[in-house]
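Shown next, in structure tokens, is the structure this report addresses.
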Amino acid sequence: MDSLTSLKNPKVMAWRSLKERKGRRETGCFLVEGRKMVEEALASAFSVETLLVSESHAADFSLPEDVPAYLLPDHVFAALCDTKTPQGIAAVVRMRTAPVTGSCLLALDDVQDPGNVGTILRTADAAGFDGVLLSDKCADVFSPKVLRATMGSIFRMPVEITDHLPHALHQLREDGWSILSSQLDGTPFFRREPVGEKFCLIIGNEGNGVSPAVQAEATHRLRLPMRGGAESLNAAIAAGIMMYDLMRDKE
């Protein structure tokens with residue numbers, strides 16, 4: 001491994017910029033931290049550009065020979081990481097998005113909490129959804145907090161980012177898809193009309209719900225029952241309940 005020792009080294013400065021959305025957009029890369037996430041990245045279809053290892057963990061990892069690797073002093077490595085207690089290894093990974101396909105999709109309409117976005121991606125992966133369509137005002141799927149919440153699902157769950165979610169949903173509807181809008185004034189979710197083989201479930205913004213323009217494309221407007229005193233559920237929790245129940249119809 002080559003060694004870099006200065007925070008002012010151009011490579012180090014570029015890697016450090018990946019903690020910010022601007023830096024990720026300019027480079028087209030993002031940084032993942034920790035053994036599990038690095039292993040997931042290496043096993044995926046994503047391109048791993050560089051591996052980074054801290055000096056105190058140099059003997060802890062067996063690195064592939066076909067990926068450039070750099071050894072960094074602990075203080076330099078820590079400056080690149082978002083976590084307070086880095087695990088000693090990180091990877092610079094090329095971003096990868098593409099049009100989502102399949103028959104079971106999820107759409108996020110301006111979901112802004114990184115933990116929610118990451119947890120929803122992870123749950124979609126676990127439930128067996130084919131992809132996630134995100135509006136461009138959602139939390140950045142390649143931000144450190146979202147990546148941690150996905151627990152590696154970012155490398156398995158196809159994502160597509162659109163600057164006009166209503167148009168994308170309109171195209172699906174025109175192609176015969178059911179468009180399911182989750183909203184508090186909808187009909188009961190567990191007594192819904194059949195949704196067919198191809199459907200897209202929409203999860204709305206934490207404060208404002210599904211936007212009117214997106215609601216206008218819905219074929220089904222659905223709400224989860226609130227039998228207790230709570231008025232609503234966390235977006236990720238609501239998404240998980242609905243995703244698993246929708247997939248049960250396919251068993």
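Each chain of the structure tokens is named A, B, ... in the order shown, its residues numbered from 1; ligands are numbered from 1 in display order.
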Would you mind listing what lies within 7 Å of segment 181-197 of chain A as a ChimeraX atom specification, with only C-alpha atoms counted and same-chain residues fewer than 5 positions away left out? /A:103,202-203,209-210,215,218,220-225
Within segment 60-191 of chain A, find each residue whose DSSP state, derived from the backbone, is helix (DSSP H, G or I), and express the selection as JSON, numbers by chain. {"A": [74, 75, 76, 77, 78, 79, 80, 114, 115, 116, 117, 118, 119, 120, 121, 122, 123, 124, 125, 126, 127, 144, 145, 146, 147, 148, 149, 150, 153, 154, 155, 165, 166, 167, 168, 169, 170, 171, 172, 173, 174, 189, 190, 191]}
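Within 8 Å of Glu33 of chain A, once only C-alpha atoms are used and residues closer than 3 positions along the same chain are dropped, the contacting residues are Met37, Val38, Cys81, Pro86, Gln87, Ile89, Ala90 and Ala91 of chain A.
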From the list A:Pro212, A:Ala107, A:Asp249, A:Ala127, which residue is nearest Ala168 of chain A when using only C-alpha atoms?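 Among A:Pro212, A:Ala107, A:Asp249, A:Ala127, it is A:Ala107 that comes nearest to Ala168 of chain A.
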For Lys145 of chain A, the nearest of the candidates A:Leu4, A:Met226, A:Ala98, A:Val32, counting only C-alpha atoms: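 Once distances to Lys145 of chain A are computed over only C-alpha atoms, the minimum belongs to A:Val32.
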Skipping near chain neighbours, those fewer than 6 positions away, what residues fall within 10 Å of segment 63-80 of chain A using only C-alpha atoms, listed as a PyMOL selection string? chain A and resi 1-8+12-19+31+33+42+47-57+86-91
Can you pull out every residue within 10 Å of Leu134 of chain A, counting only C-alpha atoms, but drop anything in the same chain fewer than 5 positions away, and send it as a PyMOL selection string? chain A and resi 106-111+117+139-141+159-165+202-203
According to DSSP computed on the backbone, where in segment 18-62 of chain A is there strand (DSSP E or B)? Give the residues as number ranges by chain. A: 29-33, 48-54
Could you write those residues out with N, CA and C atoms, as a PDB file, in the first residue's frame?
ATOM      1  N   CYS A  29     -18.483  10.157  -6.672  1.00  0.00           N
ATOM      2  CA  CYS A  29     -18.131   9.067  -5.757  1.00  0.00           C
ATOM      3  C   CYS A  29     -18.702   9.320  -4.367  1.00  0.00           C
ATOM      4  N   PHE A  30     -18.736   8.264  -3.574  1.00  0.00           N
ATOM      5  CA  PHE A  30     -19.120   8.380  -2.174  1.00  0.00           C
ATOM      6  C   PHE A  30     -18.218   7.484  -1.345  1.00  0.00           C
ATOM      7  N   LEU A  31     -18.222   7.690  -0.034  1.00  0.00           N
ATOM      8  CA  LEU A  31     -17.340   6.952   0.868  1.00  0.00           C
ATOM      9  C   LEU A  31     -18.162   6.050   1.766  1.00  0.00           C
ATOM     10  N   VAL A  32     -17.775   4.784   1.876  1.00  0.00           N
ATOM     11  CA  VAL A  32     -18.395   3.882   2.839  1.00  0.00           C
ATOM     12  C   VAL A  32     -17.357   3.493   3.881  1.00  0.00           C
ATOM     13  N   GLU A  33     -17.822   3.314   5.101  1.00  0.00           N
ATOM     14  CA  GLU A  33     -16.930   3.037   6.222  1.00  0.00           C
ATOM     15  C   GLU A  33     -17.241   1.684   6.855  1.00  0.00           C
ATOM     16  N   VAL A  48     -15.515  -0.028  -6.992  1.00  0.00           N
ATOM     17  CA  VAL A  48     -14.738   0.469  -5.858  1.00  0.00           C
ATOM     18  C   VAL A  48     -13.449   1.075  -6.400  1.00  0.00           C
ATOM     19  N   GLU A  49     -13.297   2.376  -6.229  1.00  0.00           N
ATOM     20  CA  GLU A  49     -12.166   3.097  -6.806  1.00  0.00           C
ATOM     21  C   GLU A  49     -10.906   2.970  -5.964  1.00  0.00           C
ATOM     22  N   THR A  50     -11.059   3.044  -4.641  1.00  0.00           N
ATOM     23  CA  THR A  50      -9.910   3.099  -3.745  1.00  0.00           C
ATOM     24  C   THR A  50     -10.282   2.527  -2.384  1.00  0.00           C
ATOM     25  N   LEU A  51      -9.336   1.860  -1.746  1.00  0.00           N
ATOM     26  CA  LEU A  51      -9.494   1.416  -0.364  1.00  0.00           C
ATOM     27  C   LEU A  51      -8.575   2.241   0.528  1.00  0.00           C
ATOM     28  N   LEU A  52      -9.070   2.564   1.716  1.00  0.00           N
ATOM     29  CA  LEU A  52      -8.318   3.376   2.670  1.00  0.00           C
ATOM     30  C   LEU A  52      -8.247   2.631   3.996  1.00  0.00           C
ATOM     31  N   VAL A  53      -7.043   2.555   4.556  1.00  0.00           N
ATOM     32  CA  VAL A  53      -6.836   1.826   5.804  1.00  0.00           C
ATOM     33  C   VAL A  53      -6.047   2.705   6.767  1.00  0.00           C
ATOM     34  N   SER A  54      -6.451   2.720   8.030  1.00  0.00           N
ATOM     35  CA  SER A  54      -5.706   3.477   9.035  1.00  0.00           C
ATOM     36  C   SER A  54      -4.501   2.665   9.511  1.00  0.00           C
TER      37      SER A  54
END
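Take the candidates A:Thr101, A:Ser62, A:Ser143, A:Asn234 and check each one against Lys22 of chain A using only C-alpha atoms; the shortest distance goes to A:Ser143.
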My list of candidates is A:Glu206, A:Pro166, A:Met242, A:Thr119. Which is closest to Asp136 of chain A when distances are computed with only C-alpha atoms?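 Nearest to Asp136 of chain A: A:Pro166.
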Which value, in Å to one decimal, gives the distance between atom CA of His167 of chain A and atom CA of Val214 of chain A?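 Atom CA of Val214 of chain A lies at a distance of 8.6 Å from atom CA of His167 of chain A.
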Ranking A:Ala230, A:Leu180, A:Cys104, A:Ile154 by minimum distance to Ala216 of chain A and counting only C-alpha atoms, which one comes first? A:Leu180
Given only C-alpha atoms as the counted atoms, nearest of A:Ala236, A:Ala43, A:Val100, A:Met157 to Pro114 of chain A: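 Among the listed residues, the smallest separation from Pro114 of chain A belongs to A:Ala236.
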Students should find that atom CA of Asp130 of chain A and atom CA of Arg173 of chain A are spaced 17.0 Å
Near-Gly115 of chain A list (10 Å; only C-alpha atoms; drop same-chain fewer than 5 positions) as a list in words: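 Residues meeting the cut-off are Ile120, Leu121, Ala139, Lys145, Val146, Leu147, Arg148, Ala149, Thr150 and Ala236 of chain A.
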Just write the chosen residues, N, CA and C atoms, as a compact mmCIF listing (two decimals), in the first residue's frame.
# COMPACT_ATOMS: atom_id res chain seq x y z
N ILE A 120 -35.86 2.68 4.89
CA ILE A 120 -36.82 2.26 3.87
C ILE A 120 -36.12 1.46 2.77
N LEU A 121 -34.93 1.89 2.35
CA LEU A 121 -34.18 1.12 1.35
C LEU A 121 -33.86 -0.28 1.87
N ALA A 139 -33.58 12.97 0.90
CA ALA A 139 -32.22 12.91 1.44
C ALA A 139 -31.32 12.16 0.47
N LYS A 145 -25.15 9.15 6.57
CA LYS A 145 -26.23 8.69 7.45
C LYS A 145 -27.17 7.74 6.73
N VAL A 146 -27.49 8.04 5.47
CA VAL A 146 -28.35 7.13 4.71
C VAL A 146 -27.63 5.79 4.50
N LEU A 147 -26.36 5.85 4.12
CA LEU A 147 -25.61 4.62 3.86
C LEU A 147 -25.57 3.73 5.09
N ARG A 148 -25.31 4.32 6.26
CA ARG A 148 -25.27 3.51 7.48
C ARG A 148 -26.63 2.86 7.75
N ALA A 149 -27.72 3.61 7.52
CA ALA A 149 -29.05 3.07 7.79
C ALA A 149 -29.42 1.94 6.82
N THR A 150 -28.86 1.94 5.62
CA THR A 150 -29.16 0.86 4.67
C THR A 150 -28.51 -0.45 5.07
N ALA A 236 -40.77 5.42 7.91
CA ALA A 236 -40.11 4.14 7.66
C ALA A 236 -40.92 2.97 8.22
